[in-house]
>>> print(open('final.txt').read())   # compact mmCIF, C-alpha atoms and all ligand atoms
# COMPACT_ATOMS: atom_id res chain seq x y z
CA MET K 1 183.83 19.03 15.54
CA PHE K 2 181.72 16.87 17.81
CA MET K 3 184.58 14.37 18.15
CA ALA K 4 187.05 17.09 19.11
CA SER K 5 184.92 18.55 21.86
CA HIS K 6 184.00 15.07 23.03
CA ILE K 7 187.66 14.15 23.31
CA GLN K 8 188.39 17.41 25.06
CA ARG K 9 185.63 16.76 27.57
CA ARG K 10 186.94 13.28 28.22
CA ALA K 11 190.46 14.58 28.71
CA PHE K 12 189.16 17.16 31.13
CA SER K 13 187.18 14.69 33.17
CA ALA K 14 190.16 12.31 33.26
CA SER K 15 192.42 14.99 34.73
CA ALA K 16 189.68 16.25 37.02
CA ARG K 17 189.44 12.78 38.50
CA GLN K 18 192.61 13.37 40.50
CA LEU K 19 191.17 15.74 43.02
CA SER K 20 193.85 16.64 45.49
CA LYS K 21 192.83 18.46 48.60
CA VAL K 22 195.85 19.69 50.51
CA THR K 23 195.51 21.00 54.07
CA VAL K 24 197.95 23.24 55.93
CA LEU K 25 197.70 23.22 59.73
CA GLY K 26 199.41 26.36 61.02
CA ALA K 27 198.68 28.15 57.75
CA ALA K 28 198.93 31.72 59.08
CA GLY K 29 202.47 31.33 60.42
CA GLY K 30 205.87 32.27 59.07
CA ILE K 31 206.09 29.01 57.13
CA GLY K 32 202.36 28.48 56.70
CA GLN K 33 201.74 31.61 54.61
CA PRO K 34 204.44 31.25 51.94
CA LEU K 35 203.87 27.48 51.89
CA SER K 36 200.17 28.05 51.21
CA LEU K 37 201.08 30.55 48.50
CA LEU K 38 203.29 28.01 46.75
CA LEU K 39 200.58 25.36 47.04
CA LYS K 40 198.06 27.81 45.50
CA LEU K 41 200.42 28.05 42.52
CA ASN K 42 200.67 24.26 42.16
CA PRO K 43 198.20 23.02 39.52
CA LYS K 44 198.13 19.57 41.16
CA VAL K 45 196.40 21.04 44.19
CA THR K 46 192.66 21.32 43.49
CA ASP K 47 191.47 22.33 46.98
CA LEU K 48 193.57 24.18 49.50
CA ALA K 49 192.36 24.08 53.11
CA LEU K 50 193.92 26.46 55.61
CA TYR K 51 193.68 26.10 59.37
CA ASP K 52 195.36 28.01 62.18
CA ILE K 53 194.42 28.95 65.74
CA ARG K 54 194.33 32.49 64.40
CA GLY K 55 194.15 34.04 60.98
CA GLY K 56 193.31 31.06 58.75
CA PRO K 57 190.29 32.66 57.01
CA GLY K 58 192.25 35.89 56.35
CA VAL K 59 195.13 34.11 54.64
CA ALA K 60 192.59 32.07 52.67
CA ALA K 61 190.66 35.13 51.49
CA ASP K 62 193.89 36.74 50.34
CA LEU K 63 195.17 33.67 48.45
CA SER K 64 191.74 32.97 46.95
CA HIS K 65 192.12 36.02 44.68
CA ILE K 66 195.10 34.47 42.89
CA ASN K 67 193.89 33.35 39.48
CA THR K 68 194.77 29.69 39.59
CA LYS K 69 192.06 27.08 39.44
CA SER K 70 192.12 25.66 42.96
CA THR K 71 189.61 26.60 45.60
CA VAL K 72 190.94 28.04 48.87
CA LYS K 73 189.06 27.82 52.13
CA GLY K 74 190.02 29.05 55.58
CA TYR K 75 188.60 27.33 58.64
CA GLU K 76 187.59 28.64 62.04
CA PRO K 77 189.78 27.65 65.01
CA THR K 78 187.25 25.23 66.47
CA PRO K 79 187.24 21.42 66.67
CA GLU K 80 184.63 21.40 63.91
CA GLY K 81 186.73 23.74 61.78
CA LEU K 82 189.79 21.56 62.21
CA SER K 83 187.86 18.41 61.38
CA ALA K 84 186.38 19.96 58.23
CA ALA K 85 189.79 21.33 57.20
CA VAL K 86 191.40 17.89 57.13
CA LYS K 87 188.43 15.82 55.93
CA GLY K 88 189.09 14.28 52.54
CA ALA K 89 192.66 15.60 52.34
CA GLU K 90 195.19 13.73 50.22
CA VAL K 91 198.04 15.55 51.99
CA VAL K 92 198.14 17.30 55.37
CA LEU K 93 201.15 19.51 56.12
CA ILE K 94 201.83 20.48 59.75
CA PRO K 95 203.95 23.61 60.23
CA ALA K 96 202.00 24.55 63.42
CA GLY K 97 204.12 25.27 66.46
CA VAL K 98 206.64 27.72 67.86
CA PRO K 99 209.98 28.33 66.10
CA ARG K 100 213.42 28.73 67.68
CA LYS K 101 214.99 31.88 69.06
CA PRO K 102 218.78 32.45 69.15
CA GLY K 103 220.55 29.99 71.45
CA MET K 104 217.76 27.39 71.30
CA THR K 105 218.08 23.87 69.95
CA ARG K 106 215.12 22.23 68.22
CA ASP K 107 214.72 20.02 71.28
CA ASP K 108 214.04 23.15 73.37
CA LEU K 109 210.76 23.45 71.43
CA PHE K 110 209.60 20.04 72.56
CA ASN K 111 207.51 21.13 75.55
CA THR K 112 205.32 23.46 73.49
CA ASN K 113 205.19 21.70 70.16
CA ALA K 114 204.69 18.13 71.39
CA SER K 115 201.17 18.84 72.60
CA ILE K 116 200.29 20.97 69.55
CA VAL K 117 201.31 18.16 67.21
CA ARG K 118 199.63 15.50 69.37
CA ASP K 119 196.31 17.35 69.29
CA LEU K 120 196.44 18.02 65.56
CA ALA K 121 197.36 14.37 64.96
CA LYS K 122 194.27 13.30 66.92
CA ALA K 123 192.08 15.36 64.60
CA VAL K 124 193.76 13.90 61.50
CA ALA K 125 193.44 10.37 62.91
CA LYS K 126 189.69 10.91 63.36
CA SER K 127 188.81 12.83 60.20
CA ALA K 128 191.50 12.01 57.61
CA PRO K 129 193.22 8.77 58.65
CA GLU K 130 194.27 8.02 55.08
CA ALA K 131 195.96 11.34 54.35
CA LYS K 132 199.68 11.55 53.79
CA VAL K 133 200.91 13.51 56.80
CA LEU K 134 203.95 15.75 56.34
CA VAL K 135 205.29 16.94 59.69
CA ILE K 136 207.30 20.17 59.60
CA ALA K 137 206.91 21.22 63.27
CA ASN K 138 210.08 20.74 65.28
CA PRO K 139 211.69 18.79 66.80
CA VAL K 140 210.85 16.58 63.80
CA ASN K 141 212.85 13.67 65.28
CA SER K 142 210.30 13.58 68.13
CA THR K 143 207.11 15.01 66.60
CA VAL K 144 206.95 12.29 63.92
CA PRO K 145 207.00 9.49 66.56
CA ILE K 146 204.31 11.47 68.42
CA VAL K 147 202.05 11.31 65.36
CA ARG K 148 202.70 7.58 65.04
CA GLU K 149 201.73 6.95 68.66
CA VAL K 150 198.51 8.95 68.30
CA PHE K 151 197.59 7.13 65.09
CA LYS K 152 198.34 3.78 66.73
CA ALA K 153 196.11 4.66 69.68
CA HIS K 154 193.30 5.39 67.19
CA GLY K 155 193.98 2.14 65.33
CA VAL K 156 194.72 3.93 62.05
CA TYR K 157 198.52 3.96 61.83
CA ASN K 158 199.94 3.27 58.38
CA PRO K 159 203.74 3.70 58.21
CA LYS K 160 203.49 4.44 54.49
CA THR K 161 201.68 7.73 55.03
CA LEU K 162 203.75 9.44 57.74
CA PHE K 163 206.70 11.67 56.82
CA GLY K 164 208.98 14.05 58.69
CA VAL K 165 209.98 16.81 56.29
CA THR K 166 213.79 16.92 56.02
CA THR K 167 213.79 18.39 52.52
CA LEU K 168 215.31 21.67 53.73
CA ASP K 169 218.50 19.84 54.72
CA VAL K 170 218.76 18.48 51.19
CA VAL K 171 218.02 21.89 49.69
CA ARG K 172 220.67 23.53 51.89
CA ALA K 173 223.30 20.90 51.14
CA SER K 174 222.80 21.37 47.42
CA ARG K 175 222.99 25.14 47.68
CA PHE K 176 226.03 25.24 49.99
CA VAL K 177 227.98 22.86 47.76
CA SER K 178 227.14 24.88 44.67
CA GLU K 179 228.42 28.02 46.41
CA THR K 180 231.69 26.32 47.39
CA LYS K 181 232.26 24.73 44.00
CA GLY K 182 230.84 27.44 41.76
CA THR K 183 228.29 25.09 40.20
CA ASP K 184 224.55 25.16 39.52
CA PRO K 185 222.64 23.80 42.55
CA LYS K 186 220.35 21.88 40.22
CA ASP K 187 223.31 19.66 39.34
CA GLU K 188 224.23 19.05 42.97
CA GLU K 189 222.18 16.25 44.39
CA ILE K 190 223.39 15.53 47.92
CA THR K 191 221.92 12.65 49.87
CA VAL K 192 221.28 13.66 53.47
CA VAL K 193 220.34 10.92 55.92
CA GLY K 194 219.57 10.55 59.63
CA GLY K 195 217.21 13.03 61.23
CA HIS K 196 216.49 16.75 61.30
CA SER K 197 218.59 18.46 63.96
CA GLY K 198 222.27 19.16 64.50
CA VAL K 199 224.44 16.06 64.43
CA THR K 200 221.54 13.82 63.39
CA ILE K 201 221.76 15.49 59.95
CA VAL K 202 224.34 13.54 57.94
CA PRO K 203 225.25 14.66 54.42
CA LEU K 204 226.84 11.90 52.36
CA PHE K 205 229.29 13.82 50.20
CA SER K 206 231.19 10.65 49.32
CA GLN K 207 228.18 9.73 47.17
CA SER K 208 228.04 13.15 45.47
CA ASN K 209 229.93 14.83 42.60
CA HIS K 210 232.42 16.05 45.24
CA PRO K 211 233.62 13.14 47.38
CA ASP K 212 236.46 15.38 48.64
CA LEU K 213 233.91 17.28 50.75
CA SER K 214 233.31 14.29 52.99
CA SER K 215 236.38 15.31 55.00
CA ASP K 216 235.53 19.02 54.91
CA ALA K 217 234.42 19.66 58.50
CA GLU K 218 233.29 23.18 57.71
CA ILE K 219 230.71 22.33 55.06
CA ILE K 220 229.47 19.31 57.01
CA LYS K 221 228.89 21.56 60.02
CA ARG K 222 227.18 24.15 57.81
CA VAL K 223 224.67 21.57 56.56
CA GLN K 224 224.09 20.27 60.10
CA PHE K 225 223.67 23.71 61.65
CA GLY K 226 222.49 25.76 58.65
CA GLY K 227 219.24 26.53 60.46
CA ASP K 228 221.22 28.38 63.14
CA GLU K 229 222.47 30.90 60.55
CA VAL K 230 218.88 31.92 59.88
CA VAL K 231 217.85 31.94 63.55
CA LYS K 232 220.81 34.20 64.36
CA ALA K 233 220.21 36.54 61.42
CA LYS K 234 216.50 36.88 62.26
CA ASP K 235 217.61 37.83 65.77
CA GLY K 236 214.60 36.65 67.74
CA ALA K 237 212.05 36.84 64.93
CA GLY K 238 212.03 33.08 64.32
CA SER K 239 213.74 30.53 62.11
CA ALA K 240 213.72 29.59 58.43
CA THR K 241 210.31 30.25 56.90
CA LEU K 242 210.76 31.11 53.20
CA SER K 243 213.32 28.41 52.37
CA MET K 244 211.28 25.99 54.48
CA ALA K 245 208.13 26.89 52.57
CA GLN K 246 209.90 26.12 49.31
CA ALA K 247 211.20 22.82 50.69
CA GLY K 248 207.76 21.86 52.06
CA ALA K 249 206.06 22.74 48.79
CA ARG K 250 208.60 20.61 46.92
CA MET K 251 207.93 17.65 49.22
CA ALA K 252 204.16 18.04 48.83
CA ASP K 253 204.54 18.27 45.06
CA SER K 254 206.63 15.08 45.01
CA VAL K 255 203.99 13.25 47.06
CA LEU K 256 201.25 14.44 44.67
CA ARG K 257 203.29 13.47 41.59
CA ALA K 258 203.58 9.94 42.97
CA VAL K 259 199.86 9.89 43.83
CA GLY K 260 199.23 10.80 40.19
CA GLY K 261 201.14 7.71 39.08
CA GLU K 262 204.55 9.19 38.28
CA LYS K 263 207.30 6.63 38.81
CA GLY K 264 210.78 7.15 40.24
CA VAL K 265 209.94 10.09 42.52
CA VAL K 266 212.52 10.00 45.30
CA GLU K 267 212.74 12.36 48.29
CA PRO K 268 214.80 11.79 51.41
CA SER K 269 212.43 11.98 54.38
CA PHE K 270 212.12 10.85 57.99
CA VAL K 271 209.92 7.75 57.96
CA GLU K 272 209.46 4.54 59.89
CA SER K 273 212.36 2.58 58.47
CA PRO K 274 213.80 -0.91 58.78
CA LEU K 275 217.38 0.34 58.34
CA TYR K 276 218.37 0.65 62.03
CA LYS K 277 215.46 -1.10 63.75
CA ASP K 278 217.86 -3.71 65.12
CA GLN K 279 219.45 -0.87 67.11
CA GLY K 280 216.08 0.24 68.44
CA ILE K 281 215.79 3.16 66.03
CA ASP K 282 212.38 3.08 64.38
CA PHE K 283 212.60 6.24 62.31
CA PHE K 284 215.34 7.26 59.94
CA SER K 285 215.64 9.55 56.97
CA SER K 286 217.10 8.09 53.80
CA LYS K 287 216.09 8.27 50.16
CA VAL K 288 212.43 7.28 49.96
CA GLU K 289 210.77 6.32 46.72
CA LEU K 290 207.20 7.58 46.67
CA GLY K 291 204.15 5.85 45.23
CA PRO K 292 200.39 6.36 45.18
CA GLU K 293 200.25 4.83 48.67
CA GLY K 294 202.94 7.14 50.09
CA VAL K 295 206.21 5.39 50.97
CA SER K 296 206.83 2.85 48.23
CA GLN K 297 210.45 1.88 48.85
CA ILE K 298 213.07 2.86 51.41
CA HIS K 299 216.54 2.96 49.93
CA PRO K 300 219.50 1.81 52.02
CA VAL K 301 222.11 4.34 53.09
CA GLY K 302 224.58 2.84 50.61
CA GLN K 303 228.35 3.01 50.70
CA VAL K 304 229.80 5.51 53.18
CA ASP K 305 233.40 6.36 54.03
CA ALA K 306 235.13 6.25 57.43
CA ASN K 307 234.34 9.86 58.28
CA GLU K 308 230.66 9.41 57.44
CA THR K 309 230.56 6.23 59.51
CA THR K 310 231.63 8.30 62.54
CA LEU K 311 229.00 10.95 61.75
CA LEU K 312 226.33 8.26 61.44
CA GLU K 313 227.22 6.75 64.81
CA ALA K 314 226.79 10.13 66.50
CA ALA K 315 223.51 10.67 64.65
CA LEU K 316 222.06 7.32 65.69
CA LYS K 317 222.83 7.97 69.36
CA ASP K 318 220.90 11.24 69.40
CA LEU K 319 218.12 9.94 67.16
CA LYS K 320 217.36 7.10 69.53
CA LYS K 321 216.88 9.54 72.42
CA ASN K 322 214.79 11.96 70.34
CA ILE K 323 212.48 9.18 69.14
CA GLU K 324 212.07 7.72 72.62
CA LYS K 325 211.21 11.17 73.96
CA GLY K 326 208.30 11.46 71.52
CA VAL K 327 207.01 7.97 72.27
CA GLU K 328 207.23 8.55 76.05
CA PHE K 329 205.43 11.87 75.76
CA VAL K 330 202.33 10.26 74.26
CA ALA K 331 202.47 7.37 76.74
CA LYS K 332 202.44 9.86 79.64
CA ASN K 333 200.17 12.46 78.02
CA PRO K 334 197.77 10.56 75.80
P1 LIG K 401 205.26 30.69 63.45
O1 LIG K 401 205.16 30.95 64.91
O2 LIG K 401 205.54 31.84 62.54
O3 LIG K 401 203.93 29.98 62.93
C1 LIG K 401 203.35 28.92 63.59
C2 LIG K 401 201.86 29.00 63.37
O4 LIG K 401 201.26 27.87 64.01
C3 LIG K 401 201.21 30.25 63.96
O5 LIG K 401 200.45 30.92 62.98
C4 LIG K 401 200.34 29.72 65.09
O6 LIG K 401 199.15 30.48 65.28
C5 LIG K 401 200.05 28.32 64.58
N1 LIG K 401 199.61 27.38 65.61
C6 LIG K 401 200.05 27.23 66.87
N2 LIG K 401 199.38 26.26 67.50
C7 LIG K 401 198.49 25.78 66.63
C8 LIG K 401 197.50 24.77 66.68
N3 LIG K 401 197.27 24.06 67.79
N4 LIG K 401 196.77 24.54 65.57
C9 LIG K 401 196.97 25.25 64.43
N5 LIG K 401 197.89 26.21 64.33
C10 LIG K 401 198.63 26.48 65.41
O7 LIG K 401 206.38 29.54 63.26
P2 LIG K 401 207.09 29.08 61.90
O8 LIG K 401 208.31 29.88 61.69
O9 LIG K 401 206.08 29.01 60.84
O10 LIG K 401 207.59 27.59 62.32
C11 LIG K 401 206.67 26.56 62.55
C12 LIG K 401 207.36 25.28 62.96
O11 LIG K 401 208.16 24.77 61.89
C13 LIG K 401 208.32 25.43 64.14
O12 LIG K 401 208.15 24.36 65.02
C14 LIG K 401 209.69 25.39 63.49
O13 LIG K 401 210.68 24.94 64.38
C15 LIG K 401 209.44 24.39 62.39
N6 LIG K 401 210.44 24.40 61.31
C16 LIG K 401 210.73 23.21 60.71
C17 LIG K 401 211.66 23.12 59.71
C18 LIG K 401 211.95 21.80 59.07
O14 LIG K 401 212.91 21.73 58.31
N7 LIG K 401 211.20 20.75 59.30
C19 LIG K 401 212.41 24.31 59.26
C20 LIG K 401 211.99 25.51 59.91
C21 LIG K 401 211.06 25.55 60.91
>>> encode(input="final.txt", output="C-alpha cells", more="lines below")
Ligand code: NAI
Amino acid sequence: MFMASHIQRRAFSASARQLSKVTVLGAAGGIGQPLSLLLKLNPKVTDLALYDIRGGPGVAADLSHINTKSTVKGYEPTPEGLSAAVKGAEVVLIPAGVPRKPGMTRDDLFNTNASIVRDLAKAVAKSAPEAKVLVIANPVNSTVPIVREVFKAHGVYNPKTLFGVTTLDVVRASRFVSETKGTDPKDEEITVVGGHSGVTIVPLFSQSNHPDLSSDAEIIKRVQFGGDEVVKAKDGAGSATLSMAQAGARMADSVLRAVGGEKGVVEPSFVESPLYKDQGIDFFSSKVELGPEGVSQIHPVGQVDANETTLLEAALKDLKKNIEKGVEFVAKNP
C-alpha cells in the first residue's frame, strides 16, 4: 500500500517536473483564440499565458473554465503585463498583427506588422530570452529576420530557438493531395520548403507518394496560393484562422514533445539555415529535427527534379528580398 502510493507520488512529481508555460501574443485574435483553445486542450501545456492589446483577460477567463489541468492567465495590455506574460515561457507563439484582405499579398502587411513584431520581440528578448519563439505574424519571411535582429541587438540571439511557422503549408499540401488522389491525408506527408508566401512556398511532390504531381501546375499553385482561397471566401473578414490555429498548435506540440525528450520529431519550419547561406539567404524552411534545445538538425532539401529546381530558383530570389527587407527595417527603426 505504502509502496504503491509512494511510487505514484514519485511518478507524479517526475511528470510535474516538465512545467511548460506557453504564451500566446495576440491571443484574442482570429488565430489567437482557437490556438489558445487547442493549447488549453494539450496536456503538455501546464501554464497558458494570454496577451493581447485588447481582450486577453476575457479570453483567459473563458478558457479557464475548461476542465483540463493547466492554469490560464490573461494579462493586461501594459509593458508590465507583456513582460509577466512571457516570463518563464518555454514557448512563445506570435500571431499578433493584421491579416490580409482580398487582393493583398502578405508583403502588403509589412508596414503594420513589422513594428508589432519588433516590439513584441523586444519584450521577449528582455523577459524570456531562452523561450522558443514561434512567429506566425506575416509576412513570416520578413518578421522572422526582424526577431533575429532584435535578439541580436539585445545580445540574446540563439538560432536554435527561432522559428517561422510554415506548418499550414504542409497541412494544406497534405490535404489537397488527399483530395486529388482520394487518400487519407494522414498518409500524405509532403515536404514543403522555402518560405511562407506565394512562390517562396515549394512543395516537393517528387519526394512524396505521388511524384507525378511535381509537374501538375494546378496543385503546385494551389499549395502556393492556398491562403488566397480563404482570404477570398472570407471576403474582407481576414485570412485563415482555424486551420492556422490547428497548424500552430501542432507546431507547438512538436516543440514540446522534443523538449520532453522525444526523439525524431521533425517539422518543416523557417529557421536560420546553412542551406543557401552562400547565396546570401540566411533563413530557409526545410525539414527541421527538433530537440530539447529547439532546432537540433536541419535536413537538406534532398533530391529534386527539374521542375522543382525551377520553382526553387524563383523562391530563393523572392526570399532574399523578403529577408533583407526585415533586416533593413530593424536597422532603420531599431
Ligand atoms: P486578427 O486581426 O484577427 O488578430 C490579431 C490580434 O493581434 C488582434 O486580437 C489584435 O488585437 C492583436 N494585436 C495587434 N497588435 C498587437 C500587439 N502589439 N500586441 C499584442 N497583440 C496585438 O488577425 P489573425 O487572423 O489572427 O492573423 C494574425 C496574423 O497571422 C496576421 O499577420 C496573419 O497574416 C498571420 N497569419 C499567418 C499564417 C501563417 O501560416 N504563418 C496563416 C494565417 C495568418
>>> residues_near_ligand(input="final.txt", ligand="ligand LIG 401 (chain K)", cutoff="8 Å", atoms="only C-alpha atoms and all ligand atoms", output="VMD selection string")
chain K and resid 25 to 32 51 to 55 77 94 to 100 106 109 113 116 to 117 119 to 120 135 to 140 164 to 169 196 227 238 to 241 244 247
>>> write_last_selection(input="final.txt", atoms="C-alpha atoms", output="compact mmCIF listing (two decimals), keeping the file's coordinate frame")
# COMPACT_ATOMS: atom_id res chain seq x y z
CA LEU K 25 197.70 23.22 59.73
CA GLY K 26 199.41 26.36 61.02
CA ALA K 27 198.68 28.15 57.75
CA ALA K 28 198.93 31.72 59.08
CA GLY K 29 202.47 31.33 60.42
CA GLY K 30 205.87 32.27 59.07
CA ILE K 31 206.09 29.01 57.13
CA GLY K 32 202.36 28.48 56.70
CA TYR K 51 193.68 26.10 59.37
CA ASP K 52 195.36 28.01 62.18
CA ILE K 53 194.42 28.95 65.74
CA ARG K 54 194.33 32.49 64.40
CA GLY K 55 194.15 34.04 60.98
CA PRO K 77 189.78 27.65 65.01
CA ILE K 94 201.83 20.48 59.75
CA PRO K 95 203.95 23.61 60.23
CA ALA K 96 202.00 24.55 63.42
CA GLY K 97 204.12 25.27 66.46
CA VAL K 98 206.64 27.72 67.86
CA PRO K 99 209.98 28.33 66.10
CA ARG K 100 213.42 28.73 67.68
CA ARG K 106 215.12 22.23 68.22
CA LEU K 109 210.76 23.45 71.43
CA ASN K 113 205.19 21.70 70.16
CA ILE K 116 200.29 20.97 69.55
CA VAL K 117 201.31 18.16 67.21
CA ASP K 119 196.31 17.35 69.29
CA LEU K 120 196.44 18.02 65.56
CA VAL K 135 205.29 16.94 59.69
CA ILE K 136 207.30 20.17 59.60
CA ALA K 137 206.91 21.22 63.27
CA ASN K 138 210.08 20.74 65.28
CA PRO K 139 211.69 18.79 66.80
CA VAL K 140 210.85 16.58 63.80
CA GLY K 164 208.98 14.05 58.69
CA VAL K 165 209.98 16.81 56.29
CA THR K 166 213.79 16.92 56.02
CA THR K 167 213.79 18.39 52.52
CA LEU K 168 215.31 21.67 53.73
CA ASP K 169 218.50 19.84 54.72
CA HIS K 196 216.49 16.75 61.30
CA GLY K 227 219.24 26.53 60.46
CA GLY K 238 212.03 33.08 64.32
CA SER K 239 213.74 30.53 62.11
CA ALA K 240 213.72 29.59 58.43
CA THR K 241 210.31 30.25 56.90
CA MET K 244 211.28 25.99 54.48
CA ALA K 247 211.20 22.82 50.69
>>> residues_around(input="final.txt", residues="Ser36 in chain K", least_positions_apart="3", cutoff="12 Å", atoms="all atoms listed in the file", output="NGL selection string")
:K and (22-33 or 39-42 or 45 or 47-52 or 56 or 59-64 or 66 or 70 or 72-74 or 92-95 or 241-242 or 244-246 or 248-249 or 252)
>>> write_last_selection(input="final.txt", atoms="C-alpha atoms", output="JSON list (two decimals), in the coordinates of the input")
[["chain", "number", "residue", "atom", "x", "y", "z"],
["K", 22, "VAL", "CA", 195.85, 19.69, 50.51],
["K", 23, "THR", "CA", 195.51, 21.00, 54.07],
["K", 24, "VAL", "CA", 197.95, 23.24, 55.93],
["K", 25, "LEU", "CA", 197.70, 23.22, 59.73],
["K", 26, "GLY", "CA", 199.41, 26.36, 61.02],
["K", 27, "ALA", "CA", 198.68, 28.15, 57.75],
["K", 28, "ALA", "CA", 198.93, 31.72, 59.08],
["K", 29, "GLY", "CA", 202.47, 31.33, 60.42],
["K", 30, "GLY", "CA", 205.87, 32.27, 59.07],
["K", 31, "ILE", "CA", 206.09, 29.01, 57.13],
["K", 32, "GLY", "CA", 202.36, 28.48, 56.70],
["K", 33, "GLN", "CA", 201.74, 31.61, 54.61],
["K", 39, "LEU", "CA", 200.58, 25.36, 47.04],
["K", 40, "LYS", "CA", 198.06, 27.81, 45.50],
["K", 41, "LEU", "CA", 200.42, 28.05, 42.52],
["K", 42, "ASN", "CA", 200.67, 24.26, 42.16],
["K", 45, "VAL", "CA", 196.40, 21.04, 44.19],
["K", 47, "ASP", "CA", 191.47, 22.33, 46.98],
["K", 48, "LEU", "CA", 193.57, 24.18, 49.50],
["K", 49, "ALA", "CA", 192.36, 24.08, 53.11],
["K", 50, "LEU", "CA", 193.92, 26.46, 55.61],
["K", 51, "TYR", "CA", 193.68, 26.10, 59.37],
["K", 52, "ASP", "CA", 195.36, 28.01, 62.18],
["K", 56, "GLY", "CA", 193.31, 31.06, 58.75],
["K", 59, "VAL", "CA", 195.13, 34.11, 54.64],
["K", 60, "ALA", "CA", 192.59, 32.07, 52.67],
["K", 61, "ALA", "CA", 190.66, 35.13, 51.49],
["K", 62, "ASP", "CA", 193.89, 36.74, 50.34],
["K", 63, "LEU", "CA", 195.17, 33.67, 48.45],
["K", 64, "SER", "CA", 191.74, 32.97, 46.95],
["K", 66, "ILE", "CA", 195.10, 34.47, 42.89],
["K", 70, "SER", "CA", 192.12, 25.66, 42.96],
["K", 72, "VAL", "CA", 190.94, 28.04, 48.87],
["K", 73, "LYS", "CA", 189.06, 27.82, 52.13],
["K", 74, "GLY", "CA", 190.02, 29.05, 55.58],
["K", 92, "VAL", "CA", 198.14, 17.30, 55.37],
["K", 93, "LEU", "CA", 201.15, 19.51, 56.12],
["K", 94, "ILE", "CA", 201.83, 20.48, 59.75],
["K", 95, "PRO", "CA", 203.95, 23.61, 60.23],
["K", 241, "THR", "CA", 210.31, 30.25, 56.90],
["K", 242, "LEU", "CA", 210.76, 31.11, 53.20],
["K", 244, "MET", "CA", 211.28, 25.99, 54.48],
["K", 245, "ALA", "CA", 208.13, 26.89, 52.57],
["K", 246, "GLN", "CA", 209.90, 26.12, 49.31],
["K", 248, "GLY", "CA", 207.76, 21.86, 52.06],
["K", 249, "ALA", "CA", 206.06, 22.74, 48.79],
["K", 252, "ALA", "CA", 204.16, 18.04, 48.83]]
>>> atom_distance(input="final.txt", atom1="CA of Arg172 in chain K", atom2="CA of Val223 in chain K")
6.5 Å
>>> atom_distance(input="final.txt", atom1="CA of Pro145 in chain K", atom2="CA of Val202 in chain K")
19.8 Å
>>> atom_distance(input="final.txt", atom1="CA of Val177 in chain K", atom2="CA of Thr191 in chain K")
12.1 Å
>>> residues_around(input="final.txt", residues="Asn307 in chain K", least_positions_apart="5", cutoff="9 Å", atoms="only C-alpha atoms", output="MDAnalysis selection string")
chainID K and resid 214:215 312
>>> residues_around(input="final.txt", residues="Gly155 in chain K", least_positions_apart="3", cutoff="10 Å", atoms="only C-alpha atoms", output="number ranges by chain")
K: 125-126, 129, 149-152, 158
>>> closest_residue(input="final.txt", among="K:Gln303, K:Thr310, K:Ser296, K:Ser285", to="Gln207 in chain K", atoms="all atoms listed in the file")
K:Gln303
>>> residues_around(input="final.txt", residues="range 183-190 of chain K", least_positions_apart="4", cutoff="12 Å", atoms="all atoms listed in the file", output="PyMOL selection string")
chain K and resi 167-179+202-211+213-214+220+223+266-268+286-287
>>> residues_around(input="final.txt", residues="Leu256 in chain K", least_positions_apart="5", cutoff="9 Å", atoms="all atoms listed in the file", output="count of residues only")
9
>>> closest_residue(input="final.txt", among="K:Val327, K:Val193, K:Val255, K:Ala217", to="Val133 in chain K", atoms="only C-alpha atoms")
K:Val255
>>> closest_residue(input="final.txt", among="K:Lys101, K:Leu290, K:Gly81, K:Gln224", to="Ala315 in chain K", atoms="all atoms listed in the file")
K:Gln224
>>> closest_residue(input="final.txt", among="K:Lys277, K:Lys232, K:Lys122, K:Lys87", to="Ile323 in chain K", atoms="all atoms listed in the file")
K:Lys277
